[in-house]
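*Asks:* Below you'll find query-v7.json; it's JSON, C-alpha atoms.
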[["chain", "number", "residue", "atom", "x", "y", "z"],
["T", 1, "MET", "CA", -48.37, -186.94, -144.39],
["T", 2, "THR", "CA", -51.53, -185.14, -145.49],
["T", 3, "SER", "CA", -51.77, -184.69, -149.25],
["T", 4, "PHE", "CA", -52.08, -181.27, -150.86],
["T", 5, "THR", "CA", -55.57, -182.21, -152.06],
["T", 6, "ASP", "CA", -56.66, -183.11, -148.53],
["T", 7, "ARG", "CA", -55.23, -179.88, -147.13],
["T", 8, "THR", "CA", -56.95, -177.84, -149.84],
["T", 9, "LYS", "CA", -60.28, -179.57, -149.17],
["T", 10, "ALA", "CA", -59.94, -178.99, -145.42],
["T", 11, "SER", "CA", -59.09, -175.34, -146.04],
["T", 12, "LEU", "CA", -62.13, -174.91, -148.30],
["T", 13, "ARG", "CA", -64.40, -176.53, -145.71],
["T", 14, "GLU", "CA", -63.08, -174.22, -142.98],
["T", 15, "ALA", "CA", -63.58, -171.17, -145.22],
["T", 16, "LEU", "CA", -67.20, -172.17, -145.85],
["T", 17, "LEU", "CA", -67.81, -172.82, -142.15],
["T", 18, "ASP", "CA", -66.26, -169.43, -141.31],
["T", 19, "ALA", "CA", -68.54, -167.72, -143.83],
["T", 20, "ALA", "CA", -71.66, -169.47, -142.54],
["T", 21, "ALA", "CA", -70.73, -168.81, -138.89],
["T", 22, "ASP", "CA", -70.34, -165.13, -139.69],
["T", 23, "LEU", "CA", -73.76, -164.93, -141.40],
["T", 24, "LEU", "CA", -75.85, -167.12, -139.08],
["T", 25, "PRO", "CA", -75.99, -164.80, -136.03],
["T", 26, "ASP", "CA", -77.67, -162.04, -138.06],
["T", 27, "ARG", "CA", -79.79, -164.19, -140.36],
["T", 28, "GLY", "CA", -80.52, -167.39, -138.48],
["T", 29, "HIS", "CA", -80.97, -170.71, -140.25],
["T", 30, "ALA", "CA", -84.08, -169.57, -142.15],
["T", 31, "GLY", "CA", -82.41, -166.45, -143.53],
["T", 32, "LEU", "CA", -79.12, -168.11, -144.45],
["T", 33, "ARG", "CA", -78.65, -168.54, -148.22],
["T", 34, "MET", "CA", -76.10, -170.88, -149.71],
["T", 35, "ALA", "CA", -75.40, -168.25, -152.38],
["T", 36, "ASP", "CA", -74.42, -165.73, -149.69],
["T", 37, "VAL", "CA", -72.13, -168.27, -148.01],
["T", 38, "ALA", "CA", -70.54, -168.95, -151.38],
["T", 39, "ALA", "CA", -70.09, -165.25, -152.13],
["T", 40, "LYS", "CA", -68.53, -164.60, -148.73],
["T", 41, "ALA", "CA", -66.11, -167.50, -149.18],
["T", 42, "GLY", "CA", -65.35, -166.55, -152.79],
["T", 43, "VAL", "CA", -66.59, -169.79, -154.37],
["T", 44, "SER", "CA", -69.57, -170.92, -156.41],
["T", 45, "ARG", "CA", -72.87, -171.88, -154.81],
["T", 46, "GLN", "CA", -72.47, -175.38, -156.25],
["T", 47, "THR", "CA", -69.21, -175.72, -154.32],
["T", 48, "VAL", "CA", -71.09, -175.17, -151.06],
["T", 49, "TYR", "CA", -73.68, -177.79, -152.03],
["T", 50, "ASN", "CA", -70.96, -180.22, -153.08],
["T", 51, "GLU", "CA", -69.29, -179.87, -149.68],
["T", 52, "PHE", "CA", -72.34, -179.99, -147.39],
["T", 53, "GLY", "CA", -75.28, -181.24, -149.44],
["T", 54, "ASN", "CA", -77.87, -178.84, -148.03],
["T", 55, "LYS", "CA", -78.32, -175.87, -145.72],
["T", 56, "ALA", "CA", -79.35, -177.97, -142.72],
["T", 57, "ALA", "CA", -76.13, -179.98, -142.93],
["T", 58, "LEU", "CA", -74.09, -176.78, -143.21],
["T", 59, "THR", "CA", -75.78, -175.26, -140.15],
["T", 60, "GLN", "CA", -75.25, -178.49, -138.20],
["T", 61, "ALA", "CA", -71.58, -178.53, -139.20],
["T", 62, "VAL", "CA", -71.16, -174.97, -137.91],
["T", 63, "ALA", "CA", -72.83, -175.97, -134.64],
["T", 64, "LEU", "CA", -70.58, -179.01, -134.26],
["T", 65, "ARG", "CA", -67.44, -176.97, -134.94],
["T", 66, "THR", "CA", -68.55, -174.41, -132.36],
["T", 67, "ALA", "CA", -69.14, -177.25, -129.92],
["T", 68, "ALA", "CA", -65.64, -178.61, -130.63],
["T", 69, "GLU", "CA", -64.18, -175.22, -129.68],
["T", 70, "PHE", "CA", -66.11, -175.35, -126.42],
["T", 71, "LEU", "CA", -64.92, -178.89, -125.75],
["T", 72, "ASP", "CA", -61.31, -177.86, -126.25],
["T", 73, "GLY", "CA", -61.81, -175.07, -123.70],
["T", 74, "ILE", "CA", -63.43, -177.47, -121.24],
["T", 75, "ARG", "CA", -60.57, -179.94, -121.68],
["T", 76, "GLN", "CA", -58.07, -177.20, -120.85],
["T", 77, "ARG", "CA", -59.99, -176.29, -117.67],
["T", 78, "PHE", "CA", -59.86, -179.87, -116.48],
["T", 79, "GLU", "CA", -56.14, -180.09, -117.19],
["T", 80, "THR", "CA", -55.47, -177.28, -114.69],
["T", 81, "ALA", "CA", -58.04, -178.32, -112.05],
["T", 82, "ASP", "CA", -56.96, -179.77, -108.69],
["T", 83, "GLY", "CA", -59.87, -182.17, -108.37],
["T", 84, "LEU", "CA", -63.06, -183.45, -109.99],
["T", 85, "LEU", "CA", -65.43, -180.91, -108.41],
["T", 86, "ALA", "CA", -63.04, -178.05, -109.22],
["T", 87, "GLY", "CA", -62.84, -179.29, -112.80],
["T", 88, "ILE", "CA", -66.63, -179.41, -113.10],
["T", 89, "HIS", "CA", -66.90, -175.93, -111.60],
["T", 90, "HIS", "CA", -64.30, -174.46, -113.97],
["T", 91, "ALA", "CA", -65.93, -176.19, -116.93],
["T", 92, "VAL", "CA", -69.43, -174.88, -116.13],
["T", 93, "VAL", "CA", -68.16, -171.33, -115.64],
["T", 94, "TYR", "CA", -66.23, -171.48, -118.91],
["T", 95, "THR", "CA", -69.16, -172.94, -120.84],
["T", 96, "ILE", "CA", -71.60, -170.26, -119.69],
["T", 97, "GLU", "CA", -69.21, -167.31, -120.02],
["T", 98, "HIS", "CA", -67.86, -168.39, -123.39],
["T", 99, "ALA", "CA", -71.36, -169.08, -124.72],
["T", 100, "ARG", "CA", -72.49, -165.57, -123.80],
["T", 101, "GLU", "CA", -69.48, -164.14, -125.65],
["T", 102, "ASN", "CA", -69.81, -166.36, -128.74],
["T", 103, "ARG", "CA", -71.83, -164.53, -131.44],
["T", 104, "LEU", "CA", -73.50, -167.66, -132.75],
["T", 105, "VAL", "CA", -74.57, -169.03, -129.37],
["T", 106, "ALA", "CA", -75.57, -165.59, -128.09],
["T", 107, "ALA", "CA", -77.75, -165.12, -131.18],
["T", 108, "ALA", "CA", -79.40, -168.50, -130.67],
["T", 109, "LEU", "CA", -80.20, -167.59, -127.08],
["T", 110, "GLY", "CA", -81.21, -163.97, -127.43],
["T", 111, "THR", "CA", -82.12, -162.66, -130.89],
["T", 112, "GLU", "CA", -85.15, -163.06, -133.11],
["T", 113, "ALA", "CA", -83.01, -163.91, -136.14],
["T", 114, "GLY", "CA", -81.14, -166.59, -134.23],
["T", 115, "GLU", "CA", -84.24, -168.12, -132.67],
["T", 116, "ASP", "CA", -84.28, -171.01, -135.13],
["T", 117, "LEU", "CA", -80.73, -171.95, -134.09],
["T", 118, "LEU", "CA", -81.81, -172.72, -130.52],
["T", 119, "PRO", "CA", -82.97, -176.28, -131.30],
["T", 120, "LEU", "CA", -79.35, -177.11, -132.13],
["T", 121, "LEU", "CA", -78.66, -176.66, -128.41],
["T", 122, "THR", "CA", -81.88, -178.23, -127.18],
["T", 123, "SER", "CA", -84.34, -180.49, -129.01],
["T", 124, "ARG", "CA", -81.98, -181.30, -131.93],
["T", 125, "GLY", "CA", -78.78, -180.96, -129.97],
["T", 126, "GLU", "CA", -78.07, -184.66, -129.43],
["T", 127, "PRO", "CA", -74.73, -184.71, -131.33],
["T", 128, "ILE", "CA", -73.46, -181.79, -129.22],
["T", 129, "LEU", "CA", -74.83, -183.24, -125.98],
["T", 130, "THR", "CA", -73.29, -186.63, -126.71],
["T", 131, "ALA", "CA", -69.86, -185.23, -127.59],
["T", 132, "ALA", "CA", -69.77, -183.05, -124.48],
["T", 133, "ALA", "CA", -70.96, -185.83, -122.18],
["T", 134, "ASP", "CA", -68.49, -188.36, -123.60],
["T", 135, "LEU", "CA", -65.56, -185.99, -123.06],
["T", 136, "ALA", "CA", -66.71, -185.11, -119.54],
["T", 137, "ALA", "CA", -67.20, -188.75, -118.52],
["T", 138, "GLU", "CA", -63.68, -189.57, -119.66],
["T", 139, "GLN", "CA", -62.24, -186.70, -117.64],
["T", 140, "TYR", "CA", -64.28, -187.56, -114.54],
["T", 141, "ARG", "CA", -62.83, -191.08, -114.47],
["T", 142, "GLU", "CA", -59.30, -189.71, -114.80],
["T", 143, "PHE", "CA", -59.84, -187.71, -111.60],
["T", 144, "GLU", "CA", -61.84, -190.42, -109.83],
["T", 145, "PRO", "CA", -60.87, -193.91, -111.05],
["T", 146, "GLY", "CA", -63.37, -195.30, -108.55],
["T", 147, "LEU", "CA", -66.24, -194.05, -110.71],
["T", 148, "SER", "CA", -67.82, -196.75, -112.82],
["T", 149, "ALA", "CA", -68.33, -196.01, -116.50],
["T", 150, "GLU", "CA", -72.08, -195.89, -115.89],
["T", 151, "ALA", "CA", -71.78, -193.43, -112.99],
["T", 152, "ALA", "CA", -69.38, -191.18, -114.92],
["T", 153, "ALA", "CA", -71.74, -191.14, -117.91],
["T", 154, "LEU", "CA", -74.70, -190.25, -115.69],
["T", 155, "LEU", "CA", -72.79, -187.45, -113.95],
["T", 156, "ALA", "CA", -71.48, -186.09, -117.25],
["T", 157, "GLU", "CA", -74.88, -186.00, -118.91],
["T", 158, "THR", "CA", -76.35, -184.32, -115.84],
["T", 159, "VAL", "CA", -73.66, -181.61, -115.82],
["T", 160, "VAL", "CA", -74.09, -180.94, -119.54],
["T", 161, "ARG", "CA", -77.88, -180.73, -119.26],
["T", 162, "LEU", "CA", -77.69, -178.45, -116.23],
["T", 163, "SER", "CA", -75.18, -176.20, -118.01],
["T", 164, "LEU", "CA", -77.45, -175.95, -121.05],
["T", 165, "SER", "CA", -80.38, -175.15, -118.78],
["T", 166, "HIS", "CA", -78.46, -172.27, -117.19],
["T", 167, "LEU", "CA", -77.56, -171.07, -120.69],
["T", 168, "VAL", "CA", -81.10, -171.12, -122.01],
["T", 169, "LEU", "CA", -82.56, -169.53, -118.85],
["T", 170, "PRO", "CA", -79.79, -167.32, -117.43],
["T", 171, "THR", "CA", -81.07, -166.40, -113.97],
["T", 172, "HIS", "CA", -77.63, -166.56, -112.30],
["T", 173, "SER", "CA", -74.07, -165.53, -113.01],
["T", 174, "ALA", "CA", -71.78, -168.21, -114.45],
["T", 175, "THR", "CA", -70.08, -168.65, -111.07],
["T", 176, "GLU", "CA", -73.39, -168.93, -109.20],
["T", 177, "ALA", "CA", -74.60, -171.52, -111.72],
["T", 178, "ALA", "CA", -71.39, -173.53, -111.28],
["T", 179, "ASP", "CA", -71.75, -173.28, -107.49],
["T", 180, "SER", "CA", -75.27, -174.72, -107.74],
["T", 181, "VAL", "CA", -74.22, -177.58, -110.00],
["T", 182, "THR", "CA", -71.28, -178.65, -107.84],
["T", 183, "THR", "CA", -73.26, -178.29, -104.60],
["T", 184, "VAL", "CA", -75.91, -180.67, -105.92],
["T", 185, "LEU", "CA", -73.39, -183.14, -107.35],
["T", 186, "GLU", "CA", -70.86, -183.30, -104.51],
["T", 187, "PRO", "CA", -72.77, -185.80, -102.32],
["T", 188, "VAL", "CA", -73.74, -187.84, -105.38],
["T", 189, "ILE", "CA", -70.11, -188.10, -106.50],
["T", 190, "ARG", "CA", -69.05, -189.07, -102.99],
["T", 191, "GLN", "CA", -71.68, -191.82, -102.93],
["T", 192, "PHE", "CA", -70.66, -193.14, -106.36],
["T", 193, "VAL", "CA", -66.97, -193.17, -105.48],
["T", 194, "HIS", "CA", -67.19, -194.65, -101.99],
["T", 195, "ASN", "CA", -70.10, -197.04, -102.40],
["T", 196, "GLY", "CA", -69.53, -198.10, -106.00],
["T", 197, "VAL", "CA", -73.09, -197.15, -106.92],
["T", 198, "LYS", "CA", -73.89, -197.85, -110.54],
["T", 199, "ARG", "CA", -76.51, -196.39, -112.80]]
Please express what this file holds, its structure, as structure tokens.
*Replies:*
Amino acid sequence: MTSFTDRTKASLREALLDAAADLLPDRGHAGLRMADVAAKAGVSRQTVYNEFGNKAALTQAVALRTAAEFLDGIRQRFETADGLLAGIHHAVVYTIEHARENRLVAAALGTEAGEDLLPLLTSRGEPILTAAADLAAEQYREFEPGLSAEAAALLAETVVRLSLSHLVLPTHSATEAADSVTTVLEPVIRQFVHNGVKR
């Protein structure tokens, strides 16, 4: 059973993350002030520093929590899919559509204030990329047990990177992007499954 202290600490952390997530889309990382996060959450500035250490860690924590929400959504899409390719298609559509609706991600992709959040999805996005790829690889092997761990990891990383690419440069609808991804991957998956090709 979780202790009262642990529950209180978790609740405080969520309140601080909520406050930061609400401020980041309009202010970006550069304009975010720990004092404003504290005021919005109704705590002292020192409390924010005690919990996260610095602003960069707070911003990263918000990004990781946002990613966790996306991963939960992707997991749900796979649970209702009738095959690996369908699962990938549903997951790509969800990722792109949900990202465009999410204030934080939309700001990172399309506003001047949120410009400095973009590296969290790209050049400094390794924790998010790794978490997404690990989840995807696990789900791919559930659908296709014939996939080696290496092949599943390669496919998963490719899907995640392609999805991020469509997010950063949105030249197609979410469905068209998913169509492109699955069209390219279908023969590769078939080869991996039937020929046991490894990375």
*Asks:* Go ahead and compute the interatomic distance for CA of Gly146 in chain T and CA of Phe192 in chain T, in Å to one decimal.
*Replies:* 7.9 Å
*Asks:* Mind pulling up the distance from CA of Gln191 in chain T to CA of Ala152 in chain T?
*Replies:*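 Distance between the two atoms: 12.2 Å.
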*Asks:* Hey, which of T:Ala38, T:Leu58, T:Ala19, T:Val193 ends up closest to Phe143 in chain T? Count only C-alpha atoms.
*Replies:*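 Nearest candidate to Phe143 in chain T out of T:Ala38, T:Leu58, T:Ala19, T:Val193: T:Val193.
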*Asks:* Do you know which residues are at most 12 Å from Arg77 in chain T counting all atoms listed in the file, after dropping those on the same chain fewer than 2 positions away, and could you put them as a PDB file with C-alpha atoms, keeping the file's coordinate frame?
*Replies:*
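Just written: selection-v4.pdb:
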ATOM      1  CA  PHE T  70     -66.110-175.350-126.420  1.00  0.00           C
ATOM      2  CA  LEU T  71     -64.920-178.890-125.750  1.00  0.00           C
ATOM      3  CA  ASP T  72     -61.310-177.860-126.250  1.00  0.00           C
ATOM      4  CA  GLY T  73     -61.810-175.070-123.700  1.00  0.00           C
ATOM      5  CA  ILE T  74     -63.430-177.470-121.240  1.00  0.00           C
ATOM      6  CA  ARG T  75     -60.570-179.940-121.680  1.00  0.00           C
ATOM      7  CA  GLU T  79     -56.140-180.090-117.190  1.00  0.00           C
ATOM      8  CA  THR T  80     -55.470-177.280-114.690  1.00  0.00           C
ATOM      9  CA  ALA T  81     -58.040-178.320-112.050  1.00  0.00           C
ATOM     10  CA  ASP T  82     -56.960-179.770-108.690  1.00  0.00           C
ATOM     11  CA  GLY T  83     -59.870-182.170-108.370  1.00  0.00           C
ATOM     12  CA  LEU T  84     -63.060-183.450-109.990  1.00  0.00           C
ATOM     13  CA  LEU T  85     -65.430-180.910-108.410  1.00  0.00           C
ATOM     14  CA  ALA T  86     -63.040-178.050-109.220  1.00  0.00           C
ATOM     15  CA  GLY T  87     -62.840-179.290-112.800  1.00  0.00           C
ATOM     16  CA  ILE T  88     -66.630-179.410-113.100  1.00  0.00           C
ATOM     17  CA  HIS T  89     -66.900-175.930-111.600  1.00  0.00           C
ATOM     18  CA  HIS T  90     -64.300-174.460-113.970  1.00  0.00           C
ATOM     19  CA  ALA T  91     -65.930-176.190-116.930  1.00  0.00           C
ATOM     20  CA  VAL T  92     -69.430-174.880-116.130  1.00  0.00           C
ATOM     21  CA  VAL T  93     -68.160-171.330-115.640  1.00  0.00           C
ATOM     22  CA  TYR T  94     -66.230-171.480-118.910  1.00  0.00           C
ATOM     23  CA  THR T  95     -69.160-172.940-120.840  1.00  0.00           C
ATOM     24  CA  ALA T 136     -66.710-185.110-119.540  1.00  0.00           C
ATOM     25  CA  GLN T 139     -62.240-186.700-117.640  1.00  0.00           C
TER      26      GLN T 139
END
*Asks:* Just checking: using only C-alpha atoms, which residue out of T:Ala174, T:Ala132, T:Ala63, T:Ala153 ends up closest to Pro119 in chain T?
*Replies:* T:Ala63
*Asks:* Of the candidates T:Arg33, T:Ala108, T:Ile189, T:Leu23, which one gets nearest to Tyr140 in chain T if we count only C-alpha atoms?
*Replies:* T:Ile189
*Asks:* In Å to one decimal, how far is CA of Pro25 in chain T from CA of Phe52 in chain T?
*Replies:*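 CA of Pro25 in chain T lies 19.3 Å from CA of Phe52 in chain T.
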*Asks:* Closest to Ser148 in chain T among T:Ser11, T:Asn50, T:Thr66, T:Asn195, using only C-alpha atoms?
*Replies:*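 That would be T:Asn195, the residue with the smallest distance to Ser148 in chain T.
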*Asks:* Determine the nearest neighbour of Ala30 in chain T from the options T:Ala10, T:Ala61, T:His98, T:Leu117, counting only C-alpha atoms.
*Replies:*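 Of T:Ala10, T:Ala61, T:His98, T:Leu117, the one nearest Ala30 in chain T, counting only C-alpha atoms, is T:Leu117.
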*Asks:* Check the smallest atom-to-atom distance from each of T:Val43, T:Ala56, T:Val48, T:Ala107 to Asp22 in chain T using all atoms listed in the file, then report the winner.
*Replies:*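 Comparing T:Val43, T:Ala56, T:Val48, T:Ala107 against Asp22 in chain T, the winner is T:Ala107.
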*Asks:* Using all atoms of range 178-195 of chain T that appear in the file, construct an axis-aligned enclosing box with 8 Å of padding on every side and provide its centre coordinates and edge lengths in Å, rounded to one decimal, as lines of an AutoDock Vina configuration file.
*Replies:*
center_x = -71.4
center_y = -185.2
center_z = -106.6
size_x = 24.9
size_y = 39.8
size_z = 25.3
